[in-house]
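Data block for query-v2.pdb (PDB, C-alpha atoms):
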```pdb
ATOM      1  CA  MET R  26    -101.630 -48.513  45.271
ATOM      2  CA  GLU R  27    -100.950 -47.016  48.707
ATOM      3  CA  ASN R  28     -97.656 -45.566  47.490
ATOM      4  CA  ASN R  29     -99.298 -43.627  44.634
ATOM      5  CA  TYR R  30    -100.771 -40.934  46.844
ATOM      6  CA  ARG R  31     -99.553 -37.348  46.765
ATOM      7  CA  ILE R  32     -99.251 -35.008  49.745
ATOM      8  CA  TRP R  33    -100.618 -31.460  49.704
ATOM      9  CA  MET R  34    -100.326 -28.478  51.985
ATOM     10  CA  VAL R  35    -103.521 -26.404  52.138
ATOM     11  CA  ARG R  36    -103.231 -23.302  54.297
ATOM     12  CA  ALA R  37    -106.233 -22.473  56.468
ATOM     13  CA  GLY R  38    -106.349 -18.803  55.596
ATOM     14  CA  SER R  39    -103.977 -16.108  56.806
ATOM     15  CA  GLY R  40    -102.745 -17.065  60.268
ATOM     16  CA  GLY R  41    -104.640 -20.365  60.106
ATOM     17  CA  TYR R  42    -107.902 -18.773  61.261
ATOM     18  CA  LEU R  43    -109.998 -21.470  59.504
ATOM     19  CA  ILE R  44    -108.397 -24.367  61.389
ATOM     20  CA  GLU R  45    -111.476 -24.919  63.541
ATOM     21  CA  GLU R  46    -113.763 -25.015  60.508
ATOM     22  CA  PHE R  47    -111.454 -27.497  58.805
ATOM     23  CA  LEU R  48    -111.260 -29.819  61.803
ATOM     24  CA  GLN R  49    -114.852 -29.584  63.049
ATOM     25  CA  ASN R  50    -116.371 -30.160  59.607
ATOM     26  CA  ASN R  51    -113.762 -32.642  58.387
ATOM     27  CA  ILE R  52    -112.964 -30.612  55.308
ATOM     28  CA  VAL R  53    -110.197 -28.757  53.593
ATOM     29  CA  ALA R  54    -111.183 -25.708  51.582
ATOM     30  CA  ILE R  55    -109.923 -22.810  49.495
ATOM     31  CA  GLY R  56    -111.477 -19.461  48.679
ATOM     32  CA  TRP R  57    -111.967 -17.787  45.300
ATOM     33  CA  ASN R  58    -115.724 -18.071  45.947
ATOM     34  CA  ASP R  59    -116.547 -15.829  42.965
ATOM     35  CA  MET R  60    -115.388 -18.608  40.650
ATOM     36  CA  GLY R  61    -118.575 -20.545  41.433
ATOM     37  CA  GLU R  62    -118.711 -24.314  41.019
ATOM     38  CA  ILE R  63    -115.921 -25.602  38.793
ATOM     39  CA  SER R  64    -116.124 -28.677  36.591
ATOM     40  CA  SER R  65    -113.738 -31.381  37.783
ATOM     41  CA  ASP R  66    -112.635 -32.072  34.198
ATOM     42  CA  ILE R  67    -111.931 -28.453  33.294
ATOM     43  CA  SER R  68    -108.714 -27.709  31.405
ATOM     44  CA  TYR R  69    -106.154 -25.352  32.872
ATOM     45  CA  ALA R  70    -106.639 -22.906  29.982
ATOM     46  CA  ASP R  71    -110.405 -22.774  30.553
ATOM     47  CA  LEU R  72    -109.921 -22.379  34.301
ATOM     48  CA  ARG R  73    -107.499 -19.527  33.749
ATOM     49  CA  ASN R  74    -110.003 -17.799  31.454
ATOM     50  CA  LEU R  75    -112.685 -18.258  34.100
ATOM     51  CA  TYR R  76    -110.375 -16.724  36.686
ATOM     52  CA  GLU R  77    -109.713 -13.705  34.453
ATOM     53  CA  GLU R  78    -113.468 -13.187  34.016
ATOM     54  CA  ASN R  79    -114.005 -13.103  37.790
ATOM     55  CA  TYR R  80    -110.827 -11.241  38.782
ATOM     56  CA  PRO R  81    -109.976  -8.971  35.812
ATOM     57  CA  GLU R  82    -108.080  -6.546  38.064
ATOM     58  CA  HIS R  83    -105.380  -9.122  38.911
ATOM     59  CA  SER R  84    -101.981  -9.099  37.197
ATOM     60  CA  ASP R  85    -100.871 -11.903  34.883
ATOM     61  CA  GLY R  86     -98.499 -13.205  37.556
ATOM     62  CA  LYS R  87    -101.184 -13.363  40.224
ATOM     63  CA  THR R  88    -103.645 -14.880  37.742
ATOM     64  CA  ASN R  89    -101.210 -17.643  36.769
ATOM     65  CA  GLN R  90    -100.350 -18.430  40.382
ATOM     66  CA  SER R  91    -103.935 -18.468  41.643
ATOM     67  CA  ALA R  92    -105.316 -20.391  38.669
ATOM     68  CA  GLY R  93    -102.600 -23.000  39.129
ATOM     69  CA  GLN R  94    -103.498 -23.520  42.787
ATOM     70  CA  ILE R  95    -107.226 -23.759  42.089
ATOM     71  CA  TYR R  96    -106.555 -26.269  39.290
ATOM     72  CA  ARG R  97    -104.558 -28.431  41.654
ATOM     73  CA  PHE R  98    -107.334 -28.427  44.243
ATOM     74  CA  VAL R  99    -110.125 -29.213  41.767
ATOM     75  CA  VAL R 100    -108.352 -31.494  39.287
ATOM     76  CA  ASP R 101    -105.063 -32.802  40.708
ATOM     77  CA  PHE R 102    -106.253 -33.663  44.225
ATOM     78  CA  LYS R 103    -107.491 -37.269  44.434
ATOM     79  CA  LYS R 104    -109.219 -39.378  47.040
ATOM     80  CA  GLY R 105    -106.511 -41.114  49.053
ATOM     81  CA  ASP R 106    -104.088 -38.210  48.780
ATOM     82  CA  LYS R 107    -102.697 -36.906  52.069
ATOM     83  CA  VAL R 108    -103.238 -33.337  53.206
ATOM     84  CA  VAL R 109    -101.531 -31.073  55.749
ATOM     85  CA  THR R 110    -102.663 -27.763  57.194
ATOM     86  CA  TYR R 111    -100.955 -25.479  59.676
ATOM     87  CA  ASP R 112    -102.101 -23.558  62.744
ATOM     88  CA  SER R 113     -99.570 -20.762  63.291
ATOM     89  CA  GLY R 114    -101.069 -19.979  66.705
ATOM     90  CA  SER R 115    -100.383 -23.388  68.225
ATOM     91  CA  ARG R 116     -97.488 -24.114  65.802
ATOM     92  CA  ASN R 117     -99.067 -27.444  64.940
ATOM     93  CA  TYR R 118     -99.443 -29.333  61.671
ATOM     94  CA  TYR R 119    -102.662 -31.291  61.202
ATOM     95  CA  LEU R 120    -102.500 -34.385  59.018
ATOM     96  CA  GLY R 121    -105.313 -36.038  57.127
ATOM     97  CA  GLU R 122    -106.473 -37.991  54.093
ATOM     98  CA  ILE R 123    -108.758 -36.738  51.331
ATOM     99  CA  VAL R 124    -111.903 -38.893  51.237
ATOM    100  CA  SER R 125    -114.106 -37.126  48.663
ATOM    101  CA  ASP R 126    -114.099 -35.607  45.219
ATOM    102  CA  TYR R 127    -114.206 -31.843  44.768
ATOM    103  CA  GLU R 128    -117.347 -30.216  46.169
ATOM    104  CA  TYR R 129    -118.753 -26.675  45.956
ATOM    105  CA  ASN R 130    -120.447 -25.899  49.270
ATOM    106  CA  GLU R 131    -121.669 -22.404  50.209
ATOM    107  CA  LYS R 132    -122.298 -23.266  53.873
ATOM    108  CA  TYR R 133    -118.588 -22.883  54.606
ATOM    109  CA  GLU R 134    -116.581 -19.675  54.529
ATOM    110  CA  TYR R 135    -114.517 -21.067  51.659
ATOM    111  CA  TYR R 136    -116.791 -22.684  49.056
ATOM    112  CA  GLN R 137    -114.308 -24.889  47.191
ATOM    113  CA  THR R 138    -114.027 -27.961  49.447
ATOM    114  CA  ARG R 139    -113.053 -31.581  49.864
ATOM    115  CA  LYS R 140    -113.862 -33.947  52.697
ATOM    116  CA  VAL R 141    -110.925 -35.015  54.855
ATOM    117  CA  LYS R 142    -110.404 -37.611  57.569
ATOM    118  CA  TRP R 143    -108.162 -35.788  60.032
ATOM    119  CA  MET R 144    -105.901 -37.537  62.513
ATOM    120  CA  ASP R 145    -106.890 -36.911  66.131
ATOM    121  CA  HIS R 146    -103.567 -35.359  67.144
ATOM    122  CA  PRO R 147    -101.360 -32.785  65.401
ATOM    123  CA  THR R 148     -97.596 -32.831  64.917
ATOM    124  CA  GLY R 149     -95.739 -29.965  66.597
ATOM    125  CA  ARG R 150     -93.472 -27.825  64.465
ATOM    126  CA  ASP R 151     -90.712 -27.694  67.070
ATOM    127  CA  VAL R 152     -89.801 -31.378  66.718
ATOM    128  CA  LEU R 153     -89.237 -31.181  62.962
ATOM    129  CA  SER R 154     -85.850 -30.895  61.327
ATOM    130  CA  THR R 155     -84.785 -27.524  59.970
ATOM    131  CA  ASP R 156     -84.919 -28.904  56.429
ATOM    132  CA  SER R 157     -88.566 -29.930  56.836
ATOM    133  CA  LYS R 158     -89.449 -26.578  58.384
ATOM    134  CA  ASN R 159     -87.927 -24.832  55.383
ATOM    135  CA  ARG R 160     -89.834 -27.017  52.928
ATOM    136  CA  LEU R 161     -93.092 -26.359  54.749
ATOM    137  CA  GLY R 162     -92.475 -22.612  54.820
ATOM    138  CA  SER R 163     -93.947 -21.619  51.446
ATOM    139  CA  VAL R 164     -96.573 -18.882  51.638
ATOM    140  CA  LEU R 165     -98.632 -20.386  48.809
ATOM    141  CA  THR R 166    -102.149 -21.516  49.687
ATOM    142  CA  ILE R 167    -101.496 -24.904  48.060
ATOM    143  CA  PHE R 168     -98.241 -26.687  47.332
ATOM    144  CA  GLU R 169     -97.075 -30.275  47.150
ATOM    145  CA  ILE R 170     -95.053 -31.814  49.980
ATOM    146  CA  SER R 171     -92.442 -34.527  49.511
ATOM    147  CA  LYS R 172     -92.963 -37.957  51.041
ATOM    148  CA  GLU R 173     -89.805 -37.446  53.100
ATOM    149  CA  VAL R 174     -91.408 -34.471  54.849
ATOM    150  CA  TRP R 175     -94.720 -36.340  55.199
ATOM    151  CA  ASN R 176     -92.973 -39.313  56.770
ATOM    152  CA  GLU R 177     -91.236 -37.043  59.251
ATOM    153  CA  LEU R 178     -94.528 -35.367  60.146
ATOM    154  CA  LEU R 179     -96.075 -38.802  60.579
ATOM    155  CA  SER R 180     -93.176 -40.215  62.606
ATOM    156  CA  HIS R 181     -93.550 -37.449  65.193
ATOM    157  CA  ASN R 182     -97.312 -37.685  65.470
ATOM    158  CA  PRO R 183     -98.464 -38.864  68.936
ATOM    159  CA  GLU R 184    -100.856 -41.366  67.354
ATOM    160  CA  LYS R 185     -97.888 -43.196  65.866
ATOM    161  CA  MET R 186     -95.613 -43.123  68.922
ATOM    162  CA  ASP R 187     -95.650 -44.292  72.522
ATOM    163  CA  ASP R 188     -94.713 -41.883  75.346
ATOM    164  CA  GLU R 189     -91.150 -43.138  75.731
ATOM    165  CA  GLN R 190     -90.520 -42.876  72.005
ATOM    166  CA  ILE R 191     -91.895 -39.329  71.981
ATOM    167  CA  VAL R 192     -89.398 -38.248  74.649
ATOM    168  CA  ILE R 193     -86.484 -39.924  72.869
ATOM    169  CA  GLU R 194     -87.429 -38.482  69.484
ATOM    170  CA  GLU R 195     -87.936 -34.971  70.821
ATOM    171  CA  LYS R 196     -84.487 -35.018  72.412
ATOM    172  CA  LYS R 197     -82.918 -36.410  69.258
ATOM    173  CA  GLU R 198     -84.620 -33.872  67.018
ATOM    174  CA  LYS R 199     -83.581 -30.948  69.206
ATOM    175  CA  GLU R 200     -79.969 -32.073  68.936
ATOM    176  CA  GLU R 201     -80.265 -32.530  65.181
ATOM    177  CA  GLU R 202     -81.990 -29.177  64.789
ATOM    178  CA  GLN R 203     -79.186 -27.460  66.694
ATOM    179  CA  ASN R 204     -76.634 -29.107  64.413
ATOM    180  CA  ASP R 205     -78.658 -28.143  61.342
ATOM    181  CA  LEU R 206     -78.922 -24.537  62.500
ATOM    182  CA  GLU R 207     -75.188 -24.419  63.094
ATOM    183  CA  ASP R 208     -74.531 -25.769  59.597
ATOM    184  CA  ILE R 209     -76.904 -23.217  58.084
ATOM    185  CA  ARG R 210     -75.310 -20.399  60.091
ATOM    186  CA  GLU R 211     -71.840 -21.366  58.923
ATOM    187  CA  ASP R 212     -73.061 -21.603  55.336
ATOM    188  CA  ILE R 213     -74.700 -18.173  55.520
ATOM    189  CA  GLU R 214     -71.601 -16.633  57.087
ATOM    190  CA  SER R 215     -69.407 -18.145  54.381
ATOM    191  CA  LYS R 216     -71.656 -16.901  51.589
ATOM    192  CA  SER R 217     -71.933 -13.470  53.195
ATOM    193  CA  THR R 218     -68.144 -13.195  53.358
ATOM    194  CA  GLU R 219     -67.881 -14.033  49.662
ATOM    195  CA  PHE R 220     -70.542 -11.444  48.786
ATOM    196  CA  ILE R 221     -68.630  -8.799  50.766
ATOM    197  CA  LYS R 222     -65.475  -9.768  48.890
ATOM    198  CA  ASP R 223     -67.390  -9.276  45.636
ATOM    199  CA  ILE R 224     -68.342  -5.760  46.707
ATOM    200  CA  ILE R 225     -64.732  -4.876  47.571
ATOM    201  CA  ALA R 226     -63.461  -6.418  44.329
ATOM    202  CA  ASN R 227     -65.772  -4.157  42.339
ATOM    203  CA  LEU R 228     -64.604  -0.943  44.039
ATOM    204  CA  SER R 229     -62.323   1.408  42.135
ATOM    205  CA  TRP R 230     -58.748   1.734  43.401
ATOM    206  CA  GLN R 231     -59.625   5.167  44.813
ATOM    207  CA  ASP R 232     -62.607   3.797  46.759
ATOM    208  CA  THR R 233     -60.559   0.833  47.947
ATOM    209  CA  GLU R 234     -58.057   3.262  49.494
ATOM    210  CA  ARG R 235     -60.879   5.299  51.010
ATOM    211  CA  LEU R 236     -62.258   2.104  52.517
ATOM    212  CA  VAL R 237     -58.907   1.255  54.122
ATOM    213  CA  ALA R 238     -58.491   4.819  55.406
ATOM    214  CA  GLY R 239     -61.988   4.734  56.900
ATOM    215  CA  LEU R 240     -61.237   1.417  58.563
ATOM    216  CA  LEU R 241     -58.091   2.847  60.137
ATOM    217  CA  ARG R 242     -60.090   5.792  61.473
ATOM    218  CA  ALA R 243     -62.599   3.379  62.995
ATOM    219  CA  ILE R 244     -59.742   1.575  64.733
ATOM    220  CA  GLY R 245     -58.524   4.866  66.216
ATOM    221  CA  TYR R 246     -56.011   6.402  63.803
ATOM    222  CA  LYS R 247     -56.025   9.785  62.114
ATOM    223  CA  THR R 248     -55.380   9.387  58.394
ATOM    224  CA  ARG R 249     -54.109  11.472  55.478
ATOM    225  CA  MET R 250     -53.999  10.585  51.783
ATOM    226  CA  THR R 251     -50.866  11.451  49.815
ATOM    227  CA  SER R 252     -51.303  11.430  46.036
ATOM    228  CA  ARG R 253     -48.743   9.466  44.007
ATOM    229  CA  GLY R 254     -50.411   9.303  40.594
ATOM    230  CA  SER R 255     -53.268   7.271  39.099
ATOM    231  CA  ASP R 256     -51.137   4.249  38.257
ATOM    232  CA  LEU R 257     -50.108   3.479  41.811
ATOM    233  CA  GLY R 258     -52.823   5.242  43.728
ATOM    234  CA  SER R 259     -52.132   6.992  47.018
ATOM    235  CA  ASP R 260     -50.229   6.314  50.181
ATOM    236  CA  ILE R 261     -52.164   6.583  53.404
ATOM    237  CA  THR R 262     -50.325   7.919  56.407
ATOM    238  CA  ALA R 263     -51.756   7.232  59.834
ATOM    239  CA  SER R 264     -50.933   8.135  63.410
ATOM    240  CA  PRO R 265     -52.790   8.740  66.697
ATOM    241  CA  ASP R 266     -52.793  12.535  66.134
ATOM    242  CA  GLU R 267     -53.815  14.663  63.172
ATOM    243  CA  LEU R 268     -50.334  16.215  62.758
ATOM    244  CA  GLY R 269     -48.579  12.860  62.512
ATOM    245  CA  LEU R 270     -46.229  13.631  65.394
ATOM    246  CA  GLU R 271     -47.218  10.885  67.793
ATOM    247  CA  GLU R 272     -46.079   7.319  67.398
ATOM    248  CA  PRO R 273     -46.748   4.958  65.863
ATOM    249  CA  ARG R 274     -46.348   6.756  62.564
ATOM    250  CA  VAL R 275     -47.665   4.346  59.963
ATOM    251  CA  LYS R 276     -47.346   4.232  56.212
ATOM    252  CA  VAL R 277     -50.085   2.255  54.440
ATOM    253  CA  GLU R 278     -49.891   0.882  50.921
ATOM    254  CA  VAL R 279     -53.138  -0.306  49.302
ATOM    255  CA  LYS R 280     -52.735  -2.556  46.288
ATOM    256  CA  LYS R 281     -55.943  -2.999  44.285
ATOM    257  CA  ARG R 282     -55.551  -6.366  42.608
ATOM    258  CA  SER R 283     -57.873  -9.213  41.606
ATOM    259  CA  LYS R 284     -55.604 -12.163  40.801
ATOM    260  CA  ASP R 285     -51.830 -11.852  41.150
ATOM    261  CA  ARG R 286     -50.322 -12.040  44.619
ATOM    262  CA  VAL R 287     -48.090  -9.286  45.931
ATOM    263  CA  THR R 288     -44.458 -10.224  45.283
ATOM    264  CA  SER R 289     -41.382  -9.975  47.484
ATOM    265  CA  GLN R 290     -40.015  -7.244  45.189
ATOM    266  CA  GLU R 291     -43.086  -5.112  45.902
ATOM    267  CA  ILE R 292     -42.700  -5.647  49.648
ATOM    268  CA  ARG R 293     -39.003  -4.696  49.525
ATOM    269  CA  SER R 294     -39.884  -1.541  47.595
ATOM    270  CA  PHE R 295     -42.475  -0.699  50.241
ATOM    271  CA  ILE R 296     -39.959  -1.276  53.038
ATOM    272  CA  GLY R 297     -37.514   1.043  51.285
ATOM    273  CA  GLY R 298     -40.019   3.875  51.562
ATOM    274  CA  LEU R 299     -40.443   3.603  55.340
ATOM    275  CA  ARG R 300     -37.558   5.928  56.248
ATOM    276  CA  ASP R 301     -39.849   8.508  57.891
ATOM    277  CA  PHE R 302     -42.114   5.919  59.508
ATOM    278  CA  ASN R 303     -41.728   3.309  62.246
ATOM    279  CA  LYS R 304     -44.475   0.910  61.138
ATOM    280  CA  GLY R 305     -45.962  -0.217  57.855
ATOM    281  CA  ILE R 306     -49.243  -1.769  56.688
ATOM    282  CA  TYR R 307     -49.577  -3.340  53.255
ATOM    283  CA  VAL R 308     -53.148  -4.059  52.136
ATOM    284  CA  THR R 309     -54.061  -6.026  49.042
ATOM    285  CA  THR R 310     -57.339  -7.266  47.610
ATOM    286  CA  SER R 311     -55.591 -10.466  46.552
ATOM    287  CA  GLY R 312     -52.885 -12.179  48.617
ATOM    288  CA  PHE R 313     -49.142 -12.364  49.285
ATOM    289  CA  SER R 314     -46.533 -14.711  47.922
ATOM    290  CA  LYS R 315     -44.540 -16.852  50.344
ATOM    291  CA  ASP R 316     -41.397 -14.791  49.685
ATOM    292  CA  ALA R 317     -43.305 -11.542  50.247
ATOM    293  CA  LYS R 318     -44.385 -12.759  53.689
ATOM    294  CA  TYR R 319     -40.812 -13.772  54.466
ATOM    295  CA  ASP R 320     -39.445 -10.336  53.512
ATOM    296  CA  ALA R 321     -42.064  -8.610  55.658
ATOM    297  CA  GLU R 322     -41.191 -10.783  58.669
ATOM    298  CA  ARG R 323     -37.463 -10.010  58.507
ATOM    299  CA  ALA R 324     -37.831  -6.254  57.854
ATOM    300  CA  ASN R 325     -36.293  -3.777  60.306
ATOM    301  CA  PHE R 326     -39.727  -2.206  60.746
ATOM    302  CA  PRO R 327     -42.883  -3.957  61.968
ATOM    303  CA  ILE R 328     -44.875  -4.732  58.810
ATOM    304  CA  THR R 329     -48.472  -5.935  58.867
ATOM    305  CA  LEU R 330     -49.749  -7.673  55.735
ATOM    306  CA  ILE R 331     -53.529  -7.578  55.233
ATOM    307  CA  ASP R 332     -55.043  -9.746  52.522
ATOM    308  CA  LEU R 333     -58.682  -9.762  51.389
ATOM    309  CA  ASP R 334     -59.800 -12.296  54.021
ATOM    310  CA  TRP R 335     -58.352 -10.264  56.881
ATOM    311  CA  LEU R 336     -59.647  -7.024  55.375
ATOM    312  CA  VAL R 337     -63.210  -8.411  55.416
ATOM    313  CA  GLU R 338     -62.746  -9.629  58.998
ATOM    314  CA  LEU R 339     -61.537  -6.187  60.099
ATOM    315  CA  ILE R 340     -64.480  -4.507  58.378
ATOM    316  CA  LEU R 341     -66.985  -6.797  60.091
ATOM    317  CA  ASN R 342     -65.346  -6.417  63.504
ATOM    318  CA  ASN R 343     -65.370  -2.602  63.270
ATOM    319  CA  TYR R 344     -68.373  -1.950  61.030
ATOM    320  CA  GLU R 345     -70.466  -0.114  63.621
ATOM    321  CA  LYS R 346     -67.587   2.338  64.183
ATOM    322  CA  LEU R 347     -67.142   3.205  60.492
ATOM    323  CA  ASP R 348     -68.255   6.652  59.370
ATOM    324  CA  ILE R 349     -71.180   7.010  56.976
ATOM    325  CA  GLU R 350     -68.979   7.627  53.933
ATOM    326  CA  THR R 351     -66.995   4.448  54.522
ATOM    327  CA  LYS R 352     -70.119   2.357  55.195
ATOM    328  CA  SER R 353     -71.549   3.530  51.888
ATOM    329  CA  LEU R 354     -68.646   1.820  50.102
ATOM    330  CA  VAL R 355     -69.575  -1.558  51.615
ATOM    331  CA  PRO R 356     -73.232  -1.268  52.680
ATOM    332  CA  LEU R 357     -74.164  -4.089  55.066
ATOM    333  CA  LYS R 358     -77.237  -4.981  57.108
ATOM    334  CA  ARG R 359     -77.144  -6.681  60.507
ATOM    335  CA  ILE R 360     -78.907 -10.055  60.681
ATOM    336  CA  TYR R 361     -79.932 -11.552  64.013
ATOM    337  CA  TRP R 362     -79.492 -15.294  64.515
ATOM    338  CA  PRO R 363     -81.053 -17.394  67.321
ATOM    339  CA  LEU R 364     -78.689 -18.655  69.996
TER     340      LEU R 364
END
```

Here is the file; what I need is its structure written in the form of structure tokens.
Amino acid sequence: MENNYRIWMVRAGSGGYLIEEFLQNNIVAIGWNDMGEISSDISYADLRNLYEENYPEHSDGKTNQSAGQIYRFVVDFKKGDKVVTYDSGSRNYYLGEIVSDYEYNEKYEYYQTRKVKWMDHPTGRDVLSTDSKNRLGSVLTIFEISKEVWNELLSHNPEKMDDEQIVIEEKKEKEEEQNDLEDIREDIESKSTEFIKDIIANLSWQDTERLVAGLLRAIGYKTRMTSRGSDLGSDITASPDELGLEEPRVKVEVKKRSKDRVTSQEIRSFIGGLRDFNKGIYVTTSGFSKDAKYDAERANFPITLIDLDWLVELILNNYEKLDIETKSLVPLKRIYWPL
């Protein structure tokens, strides 16, 4: 029978300002006082109708969400279920057990209540794994917590641990949290890179060339576009000065492509057009064949091959130096990550 309990999070108001009332009166409570006393055997449909009568100004989405949470508190909660509430000020989770049926009590700030036997000591948020912190992060007033998260909360509670175990567990959890954060960071970076690739892949060939030209300007080159027709796009010429007199004088080919790799024949054709230049850059939104890389390496001119992965890396490394027009092609927002 012990294993049949459910675990509920009940937030103590915005910012946890009702924590003291919860703990001092051994209760857990929710608002919606205008609902009045609710029958414990009410159906969800009837409860939703009652909610609409008392809060007619609320949208359907808000009505559904709020009615669902009230229904859980009145009907789904059972004696013996576990309950958690959070104090954002102290960053502590308080754990307890529901010991009464639903009660309507106007002496509290929130009238819809249940009696709770709270544990004497809270569990600090800092010792929890990142996964548990994420699961406990919902902004809903009421939501169900998994037994895995409950067991972790319980395992770190001072009432269940001796002093030596607390020290060992805190050290272990900090190490695990650091590893978890690193895994999450790497996952976010990987997904972000793929999203940026999606943006570039959806650019027109003209905008792709403008993006490359803008990137070269951010690196320090002066650029000029030379039209060659809509089928092949434009060459970009780049050099340190606007007149193209200073070296290196660079010819840039931008190949807008989604699947096929650039071939050795295409690289040889590009090399053949470098007579008036002493360096070449070939950019593609796909990749290069093995033979294409070989031909670029043995060319008489220094040739740099930039595939989509390197293009994204260059954009990220130089993003703050891009002009507004170029940023608008790949709009990004900086995200700060804890060290």

Written as a PDB file with C-alpha atoms, keeping the file's coordinate frame, which residues does the PyMOL selection byres ((chain R and resi 260-264) around 7) give for the file shown?
```pdb
ATOM      1  CA  ALA R 238     -58.491   4.819  55.406  1.00  0.00           C
ATOM      2  CA  TYR R 246     -56.011   6.402  63.803  1.00  0.00           C
ATOM      3  CA  LYS R 247     -56.025   9.785  62.114  1.00  0.00           C
ATOM      4  CA  THR R 248     -55.380   9.387  58.394  1.00  0.00           C
ATOM      5  CA  ARG R 249     -54.109  11.472  55.478  1.00  0.00           C
ATOM      6  CA  MET R 250     -53.999  10.585  51.783  1.00  0.00           C
ATOM      7  CA  THR R 251     -50.866  11.451  49.815  1.00  0.00           C
ATOM      8  CA  SER R 252     -51.303  11.430  46.036  1.00  0.00           C
ATOM      9  CA  SER R 259     -52.132   6.992  47.018  1.00  0.00           C
ATOM     10  CA  PRO R 265     -52.790   8.740  66.697  1.00  0.00           C
ATOM     11  CA  ASP R 266     -52.793  12.535  66.134  1.00  0.00           C
ATOM     12  CA  GLY R 269     -48.579  12.860  62.512  1.00  0.00           C
ATOM     13  CA  GLU R 271     -47.218  10.885  67.793  1.00  0.00           C
ATOM     14  CA  GLU R 272     -46.079   7.319  67.398  1.00  0.00           C
ATOM     15  CA  PRO R 273     -46.748   4.958  65.863  1.00  0.00           C
ATOM     16  CA  ARG R 274     -46.348   6.756  62.564  1.00  0.00           C
ATOM     17  CA  VAL R 275     -47.665   4.346  59.963  1.00  0.00           C
ATOM     18  CA  LYS R 276     -47.346   4.232  56.212  1.00  0.00           C
ATOM     19  CA  VAL R 277     -50.085   2.255  54.440  1.00  0.00           C
ATOM     20  CA  GLU R 278     -49.891   0.882  50.921  1.00  0.00           C
TER      21      GLU R 278
END
```

Q | Nearest to Thr155 in chain R by atom-to-atom distance, counting all atoms listed in the file, from R:Ile63, R:Ile213, R:Leu206, R:Ser171 | A |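 Comparing R:Ile63, R:Ile213, R:Leu206, R:Ser171 against Thr155 in chain R, the winner is R:Leu206.
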
Hey, what's within 6 Å of Val108 in chain R if we count all atoms listed in the file and toss same-chain stuff fewer than 6 positions away? As a PDB file with C-alpha atoms, in the frame of the given file, please?
```pdb
ATOM      1  CA  ILE R  32     -99.251 -35.008  49.745  1.00  0.00           C
ATOM      2  CA  TRP R  33    -100.618 -31.460  49.704  1.00  0.00           C
ATOM      3  CA  MET R  34    -100.326 -28.478  51.985  1.00  0.00           C
ATOM      4  CA  LEU R 120    -102.500 -34.385  59.018  1.00  0.00           C
ATOM      5  CA  GLY R 121    -105.313 -36.038  57.127  1.00  0.00           C
ATOM      6  CA  GLU R 122    -106.473 -37.991  54.093  1.00  0.00           C
TER       7      GLU R 122
END
```

Q: Can you work out which one of R:Thr310, R:Asn79, R:Asn343, R:Glu291 has the shortest atom-to-atom distance to Ser229 in chain R, counting all atoms listed in the file?
A: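 Closest to Ser229 in chain R, using all atoms listed in the file: R:Thr310.
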
Q: Could you tell me which residues the PyMOL selection byres ((chain R and resi 281) around 8) grabs in this file, written as a list of chain:residue names?
A: R:Trp230, R:Thr233, R:Val279, R:Lys280, R:Arg282, R:Ser283, R:Thr309, R:Thr310, R:Ser311

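Comparing R:Lys284, R:Tyr111, R:Leu354, R:Asp59 by their smallest distance to Val164 in chain R, the closest is R:Tyr111 (using all atoms listed in the file).
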
Q) Which residue gives the smallest distance to Ser157 in chain R among R:Leu178, R:Val141, R:Val355, R:Ala321, with all atoms listed in the file counted? A)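 Of all the options, R:Leu178 lies closest to Ser157 in chain R.
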
Q) R:Gly93, R:Gly38, R:Gly239, R:Gly245: which is nearest Ser68 in chain R, counting all atoms listed in the file? A)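 Distance minimum relative to Ser68 in chain R lands on R:Gly93.
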
**Q.** Given the PyMOL selection byres ((chain R and resi 118) around 8), the residues it picks as a PyMOL selection string
**A.** chain R and resi 109-112+116-117+119-120+147-150+178

Would you mind exporting the chosen residues as a PDB file, in the frame of the given file, restricted to C-alpha atoms?
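In the end it all went to part-v8.pdb:
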```
ATOM      1  CA  VAL R 109    -101.531 -31.073  55.749  1.00  0.00           C
ATOM      2  CA  THR R 110    -102.663 -27.763  57.194  1.00  0.00           C
ATOM      3  CA  TYR R 111    -100.955 -25.479  59.676  1.00  0.00           C
ATOM      4  CA  ASP R 112    -102.101 -23.558  62.744  1.00  0.00           C
ATOM      5  CA  ARG R 116     -97.488 -24.114  65.802  1.00  0.00           C
ATOM      6  CA  ASN R 117     -99.067 -27.444  64.940  1.00  0.00           C
ATOM      7  CA  TYR R 119    -102.662 -31.291  61.202  1.00  0.00           C
ATOM      8  CA  LEU R 120    -102.500 -34.385  59.018  1.00  0.00           C
ATOM      9  CA  PRO R 147    -101.360 -32.785  65.401  1.00  0.00           C
ATOM     10  CA  THR R 148     -97.596 -32.831  64.917  1.00  0.00           C
ATOM     11  CA  GLY R 149     -95.739 -29.965  66.597  1.00  0.00           C
ATOM     12  CA  ARG R 150     -93.472 -27.825  64.465  1.00  0.00           C
ATOM     13  CA  LEU R 178     -94.528 -35.367  60.146  1.00  0.00           C
TER      14      LEU R 178
END
```

Q: Could you give me, as a ChimeraX atom specification, the residues that sit within 8 Å of (-115.8, -21.7, 59.1) in the file's coordinates, counting all atoms listed in the file?
A: /R:43,45-47,133-135

Q: Work out how far CA of Glu338 in chain R is from CA of Asn159 in chain R, in Å to one decimal.
A: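 These atoms are spaced 29.6 Å apart.
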
Q: Extract, using all atoms listed in the file, all DNA, RNA and protein residues at most 12 Å from Asp223 in chain R, discarding same-chain residues fewer than 2 positions from it, and format them as an NGL selection string.
A: :R and (216-221 or 225-228 or 283 or 310-311 or 333-334 or 337 or 355)
